[in-house]
$ cat run.csv   # CSV, C-alpha atoms
chain,number,residue,atom,x,y,z
A,1,MET,CA,9.2,-5.0,16.3
A,2,ALA,CA,7.8,-5.7,19.7
A,3,ASN,CA,8.3,-9.2,21.0
A,4,ASP,CA,6.1,-8.8,24.0
A,5,PRO,CA,4.5,-12.3,24.4
A,6,GLY,CA,1.5,-10.8,26.1
A,7,ARG,CA,0.5,-8.9,22.9
A,8,ASN,CA,-1.8,-10.6,20.5
A,9,THR,CA,-0.5,-9.0,17.4
A,10,LYS,CA,-0.7,-10.6,14.0
A,11,ARG,CA,2.2,-10.3,11.7
A,12,LEU,CA,2.5,-9.9,7.9
A,13,SER,CA,5.8,-10.4,6.1
A,14,MET,CA,6.4,-9.9,2.4
A,15,ILE,CA,9.2,-10.5,-0.1
A,16,VAL,CA,9.2,-7.7,-2.6
A,17,THR,CA,10.9,-8.7,-5.8
A,18,LYS,CA,9.5,-6.4,-8.5
A,19,GLY,CA,10.3,-2.8,-9.1
A,20,SER,CA,7.9,-1.6,-11.8
A,21,LEU,CA,5.2,0.9,-11.3
A,22,ASP,CA,2.3,-1.6,-11.4
A,23,TRP,CA,4.0,-4.2,-9.2
A,24,ALA,CA,5.0,-1.6,-6.7
A,25,TYR,CA,1.4,-1.2,-5.6
A,26,PRO,CA,0.4,-4.5,-4.1
A,27,PRO,CA,3.2,-4.6,-1.4
A,28,PHE,CA,2.9,-1.0,-0.3
A,29,ILE,CA,-0.9,-1.1,-0.3
A,30,LEU,CA,-1.0,-4.2,1.8
A,31,ALA,CA,1.8,-3.0,4.1
A,32,THR,CA,0.2,0.3,4.9
A,33,THR,CA,-3.3,-1.2,5.3
A,34,ALA,CA,-2.1,-4.1,7.5
A,35,ALA,CA,-0.2,-1.6,9.7
A,36,ALA,CA,-3.4,0.5,9.9
A,37,MET,CA,-5.3,-2.6,11.0
A,38,GLY,CA,-2.8,-3.2,13.8
A,39,LEU,CA,-0.5,-5.8,12.3
A,40,GLU,CA,3.2,-5.7,12.6
A,41,VAL,CA,4.6,-5.6,9.1
A,42,SER,CA,8.0,-6.5,7.6
A,43,MET,CA,9.0,-6.1,4.0
A,44,PHE,CA,12.0,-7.8,2.5
A,45,PHE,CA,13.2,-6.1,-0.6
A,46,THR,CA,15.3,-8.2,-3.0
A,47,PHE,CA,16.3,-8.1,-6.7
A,48,TYR,CA,14.3,-5.4,-8.6
A,49,GLY,CA,12.2,-4.8,-5.5
A,50,LEU,CA,15.3,-2.8,-4.2
A,51,THR,CA,14.5,-0.1,-6.7
A,52,LEU,CA,11.5,0.8,-4.6
A,53,LEU,CA,13.8,1.9,-1.8
A,54,LYS,CA,15.7,4.4,-3.8
A,55,LYS,CA,15.6,8.0,-2.8
A,56,LYS,CA,14.2,9.1,-6.1
A,57,LEU,CA,11.7,6.9,-7.7
A,58,ASP,CA,11.3,6.8,-11.5
A,59,LEU,CA,9.0,3.8,-11.9
A,60,THR,CA,7.7,2.7,-15.2
A,61,VAL,CA,5.5,0.0,-16.7
A,62,THR,CA,6.1,-2.1,-19.8
A,63,THR,CA,3.8,-3.7,-22.3
A,64,LEU,CA,6.4,-6.5,-22.6
A,65,GLY,CA,5.3,-9.7,-20.8
A,66,ASN,CA,2.1,-8.0,-19.9
A,67,PRO,CA,-0.4,-9.5,-22.3
A,68,ALA,CA,-3.4,-8.6,-20.3
A,69,MET,CA,-2.5,-4.9,-20.1
A,70,ALA,CA,-5.2,-2.7,-21.5
A,71,MET,CA,-5.6,1.0,-21.0
A,72,PRO,CA,-8.8,3.0,-21.0
A,73,MET,CA,-8.7,5.2,-24.1
A,74,PHE,CA,-11.3,6.8,-26.3
A,75,GLY,CA,-14.1,5.4,-24.1
A,76,MET,CA,-12.9,1.8,-24.5
A,77,HIS,CA,-10.0,-0.5,-23.5
A,78,ILE,CA,-7.1,-0.7,-25.8
A,79,GLY,CA,-4.9,-3.7,-25.6
A,80,MET,CA,-1.2,-3.3,-25.5
A,81,PRO,CA,0.4,-6.1,-27.5
A,82,ASN,CA,3.8,-7.3,-26.2
A,83,LEU,CA,5.5,-6.3,-29.5
A,84,MET,CA,4.6,-2.7,-29.0
A,85,SER,CA,7.2,-2.5,-26.3
A,86,ALA,CA,9.9,-2.6,-29.1
A,87,ILE,CA,8.7,0.7,-30.5
A,88,PRO,CA,10.6,3.5,-29.0
A,89,GLY,CA,8.5,5.7,-26.7
A,90,VAL,CA,5.7,3.2,-26.2
A,91,ASP,CA,6.7,2.1,-22.7
A,92,ALA,CA,7.3,5.8,-21.8
A,93,ALA,CA,3.9,6.7,-23.1
A,94,ALA,CA,2.2,3.8,-21.3
A,95,SER,CA,4.0,4.8,-18.0
A,96,ALA,CA,2.9,8.4,-18.4
A,97,MET,CA,-0.7,7.3,-19.1
A,98,MET,CA,-0.6,5.1,-16.0
A,99,LYS,CA,0.6,8.0,-13.9
A,100,ASN,CA,-2.1,10.2,-15.2
A,101,LEU,CA,-4.8,7.6,-14.4
A,102,ILE,CA,-3.3,7.2,-10.9
A,103,LYS,CA,-3.7,10.9,-10.3
A,104,LYS,CA,-7.1,11.2,-11.8
A,105,LYS,CA,-8.6,8.3,-9.9
A,106,GLY,CA,-7.4,9.4,-6.5
A,107,VAL,CA,-4.9,6.5,-6.2
A,108,ALA,CA,-2.0,7.2,-3.9
A,109,SER,CA,1.5,7.6,-5.4
A,110,ILE,CA,4.1,5.0,-4.4
A,111,GLU,CA,6.1,7.7,-2.7
A,112,GLU,CA,3.0,8.6,-0.6
A,113,LEU,CA,2.4,4.9,0.3
A,114,ARG,CA,6.1,4.4,1.1
A,115,ASP,CA,6.1,7.4,3.4
A,116,MET,CA,3.0,6.2,5.2
A,117,ALA,CA,4.5,2.7,5.6
A,118,LEU,CA,7.6,4.2,7.2
A,119,GLU,CA,5.4,6.5,9.4
A,120,SER,CA,3.5,3.4,10.7
A,121,ASP,CA,6.7,1.6,11.6
A,122,VAL,CA,6.7,-1.0,8.8
A,123,GLU,CA,10.0,-2.7,9.0
A,124,MET,CA,12.0,-2.6,5.7
A,125,VAL,CA,14.9,-5.0,5.1
A,126,ALA,CA,17.1,-4.6,2.1
A,127,CYS,CA,18.7,-7.8,0.8
A,128,GLN,CA,22.4,-7.5,1.3
A,129,MET,CA,23.3,-9.9,-1.5
A,130,THR,CA,21.3,-8.2,-4.2
A,131,MET,CA,22.5,-4.8,-2.9
A,132,ASP,CA,26.0,-6.1,-3.6
A,133,LEU,CA,25.0,-7.6,-6.9
A,134,PHE,CA,23.6,-4.4,-8.2
A,135,GLU,CA,26.2,-2.2,-6.5
A,136,TYR,CA,23.8,-0.3,-4.3
A,137,THR,CA,24.7,1.0,-0.8
A,138,LEU,CA,22.3,2.2,1.9
A,139,ASP,CA,23.3,5.7,0.8
A,140,ASP,CA,21.3,5.2,-2.4
A,141,MET,CA,18.2,4.4,-0.4
A,142,ILE,CA,15.7,6.3,1.7
A,143,GLU,CA,16.3,6.4,5.5
A,144,GLY,CA,14.7,3.5,7.3
A,145,PRO,CA,15.7,0.2,5.6
A,146,VAL,CA,18.2,-2.1,7.4
A,147,LEU,CA,20.3,-4.7,5.7
A,148,GLY,CA,19.6,-8.4,6.1
A,149,GLY,CA,19.7,-11.8,4.3
A,150,ALA,CA,17.8,-14.9,3.8
A,151,ALA,CA,18.1,-16.0,7.5
A,152,THR,CA,16.7,-12.7,8.6
A,153,PHE,CA,13.6,-13.2,6.4
A,154,ILE,CA,13.1,-16.8,7.4
A,155,GLU,CA,13.2,-15.9,11.1
A,156,THR,CA,10.6,-13.2,10.4
A,157,ALA,CA,8.5,-15.5,8.3
A,158,THR,CA,8.4,-18.2,11.0
A,159,LYS,CA,6.9,-15.7,13.3
A,160,SER,CA,4.4,-14.3,10.8
A,161,ASP,CA,0.8,-15.2,10.3
A,162,ILE,CA,0.8,-14.1,6.6
A,163,ASN,CA,3.8,-14.5,4.3
A,164,LEU,CA,3.6,-13.2,0.8
A,165,PHE,CA,6.0,-13.3,-2.2
A,166,ILE,CA,5.3,-10.5,-4.6
B,1,MET,CA,-23.0,14.5,15.3
B,2,ALA,CA,-19.6,12.7,15.2
B,3,ASP,CA,-16.7,14.0,17.2
B,4,GLN,CA,-14.6,14.2,14.0
B,5,ILE,CA,-15.4,14.3,10.3
B,6,LEU,CA,-13.1,13.0,7.6
B,7,ASP,CA,-13.7,13.9,4.0
B,8,ALA,CA,-12.3,11.1,1.9
B,9,LYS,CA,-14.2,11.8,-1.2
B,10,GLY,CA,-12.3,11.1,-4.4
B,11,LEU,CA,-9.8,9.0,-2.6
B,12,ASN,CA,-9.2,5.4,-3.8
B,13,CYS,CA,-8.2,2.2,-1.9
B,14,PRO,CA,-6.5,2.1,0.5
B,15,LEU,CA,-6.5,5.9,1.3
B,16,PRO,CA,-9.9,6.1,3.0
B,17,ILE,CA,-8.8,3.4,5.4
B,18,LEU,CA,-5.4,4.9,6.0
B,19,ARG,CA,-6.7,8.4,6.5
B,20,ALA,CA,-9.5,7.1,8.8
B,21,LYS,CA,-6.9,5.2,10.9
B,22,LYS,CA,-4.9,8.4,11.3
B,23,ALA,CA,-8.0,10.5,12.1
B,24,LEU,CA,-9.1,8.0,14.8
B,25,LYS,CA,-6.0,8.7,16.8
B,26,ASP,CA,-7.5,12.2,17.5
B,27,VAL,CA,-10.9,10.8,18.5
B,28,PRO,CA,-11.3,10.2,22.3
B,29,MET,CA,-12.0,6.6,23.3
B,30,GLY,CA,-15.7,6.0,22.9
B,31,GLY,CA,-16.0,9.0,20.5
B,32,THR,CA,-17.0,8.8,16.9
B,33,LEU,CA,-15.5,9.5,13.5
B,34,GLN,CA,-17.6,10.1,10.5
B,35,VAL,CA,-16.0,9.2,7.1
B,36,ILE,CA,-17.5,10.4,3.9
B,37,ALA,CA,-16.2,8.5,0.9
B,38,THR,CA,-16.9,7.8,-2.8
B,39,ASP,CA,-14.9,4.6,-3.1
B,40,PRO,CA,-17.5,1.7,-3.3
B,41,GLY,CA,-14.9,-0.7,-2.1
B,42,ALA,CA,-14.8,1.2,1.2
B,43,VAL,CA,-18.1,-0.4,2.3
B,44,LYS,CA,-16.6,-3.9,2.7
B,45,ASP,CA,-13.3,-2.4,3.7
B,46,PHE,CA,-14.6,-0.4,6.7
B,47,GLU,CA,-16.5,-3.5,7.9
B,48,ALA,CA,-13.2,-5.5,7.8
B,49,PHE,CA,-11.2,-2.7,9.3
B,50,CYS,CA,-13.5,-2.3,12.2
B,51,ARG,CA,-13.8,-6.1,12.9
B,52,THR,CA,-10.0,-6.5,12.8
B,53,THR,CA,-9.2,-3.4,14.9
B,54,GLY,CA,-12.0,-3.8,17.5
B,55,ASN,CA,-13.6,-0.5,16.6
B,56,GLU,CA,-17.3,-0.4,16.1
B,57,LEU,CA,-18.9,0.5,12.8
B,58,VAL,CA,-22.1,2.1,14.0
B,59,GLU,CA,-23.3,3.4,10.7
B,60,SER,CA,-22.8,2.6,7.1
B,61,THR,CA,-25.1,4.3,4.6
B,62,SER,CA,-25.0,5.5,1.1
B,63,GLU,CA,-26.7,8.3,-0.8
B,64,GLY,CA,-26.2,8.1,-4.5
B,65,LYS,CA,-22.4,7.7,-5.0
B,66,VAL,CA,-21.5,9.0,-1.6
B,67,PHE,CA,-20.9,6.6,1.3
B,68,ASN,CA,-21.1,7.6,4.9
B,69,PHE,CA,-19.5,5.7,7.7
B,70,VAL,CA,-19.5,6.3,11.5
B,71,ILE,CA,-16.9,4.6,13.5
B,72,LYS,CA,-16.9,4.5,17.3
B,73,ARG,CA,-13.4,4.3,18.6
B,74,MET,CA,-13.0,1.3,20.9
B,75,SER,CA,-9.3,0.5,20.7
$ encode --input "run.csv" --output "structure tokens"
Amino acid sequence: MANDPGRNTKRLSMIVTKGSLDWAYPPFILATTAAAMGLEVSMFFTFYGLTLLKKKLDLTVTTLGNPAMAMPMFGMHIGMPNLMSAIPGVDAAASAMMKNLIKKKGVASIEELRDMALESDVEMVACQMTMDLFEYTLDDMIEGPVLGGAATFIETATKSDINLFI
Amino acid sequence: MADQILDAKGLNCPLPILRAKKALKDVPMGGTLQVIATDPGAVKDFEAFCRTTGNELVESTSEGKVFNFVIKRMS
């Protein structure tokens, strides 16, 4: 990140804590768009958000704890009650359905957005403590992220115009 | 006639903006990029994108479900 005081660059920083397919979108959409709009962007991946840095992504959605989830089916919207998640295969089916919709509607894949974020120099910081906690090393992750901790994020946050917790 | 044309039909948010940003790099300063899109959200998004990046949105029209934008590269 450039620290040239003469530059009038806005900054966006984000804490990314969730690693499901649906929750992977907001941080990557905002990161790529902000970078395209000239902002300097930093993403701090912690807890389940670390999943989004893995070389091979296998992201899923769950109906559990997602009471507002409804899928377009048979020309209407079918609700997905929490309890359905207990039935084997339901979450896998919901995930497959979501991935189909993503493709059909011209929505970028998370892999695509992540590549674009890296291409546009979005800084990615992997939380050292949660890497330890879940027994990950940087070898498990794509190339690009650096390791950091709470102080790293706080320093970035104090210099940012927008700070989001996702 | 624009210097460059980007067909972003069928692409959803934020892809039209991201592709446009990429395409603008190949447009000379003061030149124009035409973007053709079908994402209705792109109307407000291209306005915001241009305001924030200092580029000029010289045209924003629609014909049925197709939206047409012309951006003049200023930055």
$ closest_residue --input "run.csv" --among "A:Leu59, A:Leu113, A:Ala94, A:Val122" --to "chain B" --atoms "only C-alpha atoms"
A:Leu113
$ residues_around --input "run.csv" --residues "A:Leu39" --least-positions-apart "3" --cutoff "9 Å" --atoms "all atoms listed in the file" --output "list of chain:residue names"
A:Thr9, A:Lys10, A:Arg11, A:Leu12, A:Ala31, A:Thr33, A:Ala34, A:Ala35, A:Ala36
$ atom_distance --input "run.csv" --atom1 "atom CA of A:Leu147" --atom2 "atom CA of A:Val125"
5.4 Å
$ interface_residues --input "run.csv" --of "chain A" --to "chain B" --cutoff "6 Å" --atoms "all atoms listed in the file" --output "ChimeraX atom specification"
/A:36-37,106-107
$ write_last_selection --input "run.csv" --atoms "C-alpha atoms" --output "PDB file, in the frame of the given file"
ATOM      1  CA  ALA A  36      -3.400   0.500   9.900  1.00  0.00           C
ATOM      2  CA  MET A  37      -5.300  -2.600  11.000  1.00  0.00           C
ATOM      3  CA  GLY A 106      -7.400   9.400  -6.500  1.00  0.00           C
ATOM      4  CA  VAL A 107      -4.900   6.500  -6.200  1.00  0.00           C
TER       5      VAL A 107
END
$ residues_near_point --input "run.csv" --point "(23.6, -5.6, -10.7)" --cutoff "12 Å" --atoms "all atoms listed in the file" --output "list in words"
Thr46, Phe47, Tyr48, Leu50, Thr51, Met129, Thr130, Met131, Asp132, Leu133, Phe134, Glu135, Tyr136 and Thr137 of chain A
$ closest_residue --input "run.csv" --among "B:Lys44, B:Ala37, B:Asp3, B:Met74" --to "B:Ser62" --atoms "all atoms listed in the file"
B:Ala37
$ atom_distance --input "run.csv" --atom1 "atom CA of A:Ser42" --atom2 "atom CA of A:Ile15"
8.8 Å
$ closest_residue --input "run.csv" --among "B:Asn55, B:Gly64, B:Pro16, B:Ile71" --to "B:Gln34" --atoms "only C-alpha atoms"
B:Ile71
$ residues_around --input "run.csv" --residues "A:Met14" --least-positions-apart "6" --cutoff "8 Å" --atoms "all atoms listed in the file" --output "PyMOL selection string"
chain A and resi 27+42-44+163-166
$ residues_around --input "run.csv" --residues "stretch 68-80 of chain A" --least-positions-apart "4" --cutoff "12 Å" --atoms "all atoms listed in the file" --output "list in words"
Asp22, Val61, Thr62, Thr63, Leu64, Met84, Ser85, Ala86, Ile87, Val90, Asp91, Ala93, Ala94, Ser95, Ala96, Met97, Met98, Lys99, Asn100 and Leu101 of chain A
$ atom_distance --input "run.csv" --atom1 "atom CA of A:Thr152" --atom2 "atom CA of A:Glu123"
12.0 Å
$ residues_around --input "run.csv" --residues "stretch 26-33 of chain B" --least-positions-apart "5" --cutoff "9 Å" --atoms "all atoms listed in the file" --output "PyMOL selection string"
chain B and resi 1-6+20+58+69-75
$ residues_around --input "run.csv" --residues "A:Gly49" --least-positions-apart "2" --cutoff "8 Å" --atoms "only C-alpha atoms" --output "ChimeraX atom specification"
/A:16-19,24,45-47,51-53
$ closest_residue --input "run.csv" --among "A:Lys55, A:Ile110, A:Ser20, A:Gln128" --to "A:Ala150" --atoms "only C-alpha atoms"
A:Gln128
$ residues_near_point --input "run.csv" --point "(-19.7, 4.1, 1.6)" --cutoff "6 Å" --atoms "only C-alpha atoms" --output "PDB file with C-alpha atoms, in the frame of the given file"
ATOM      1  CA  ALA B  37     -16.200   8.500   0.900  1.00  0.00           C
ATOM      2  CA  PRO B  40     -17.500   1.700  -3.300  1.00  0.00           C
ATOM      3  CA  ALA B  42     -14.800   1.200   1.200  1.00  0.00           C
ATOM      4  CA  VAL B  43     -18.100  -0.400   2.300  1.00  0.00           C
ATOM      5  CA  SER B  62     -25.000   5.500   1.100  1.00  0.00           C
ATOM      6  CA  PHE B  67     -20.900   6.600   1.300  1.00  0.00           C
ATOM      7  CA  ASN B  68     -21.100   7.600   4.900  1.00  0.00           C
TER       8      ASN B  68
END
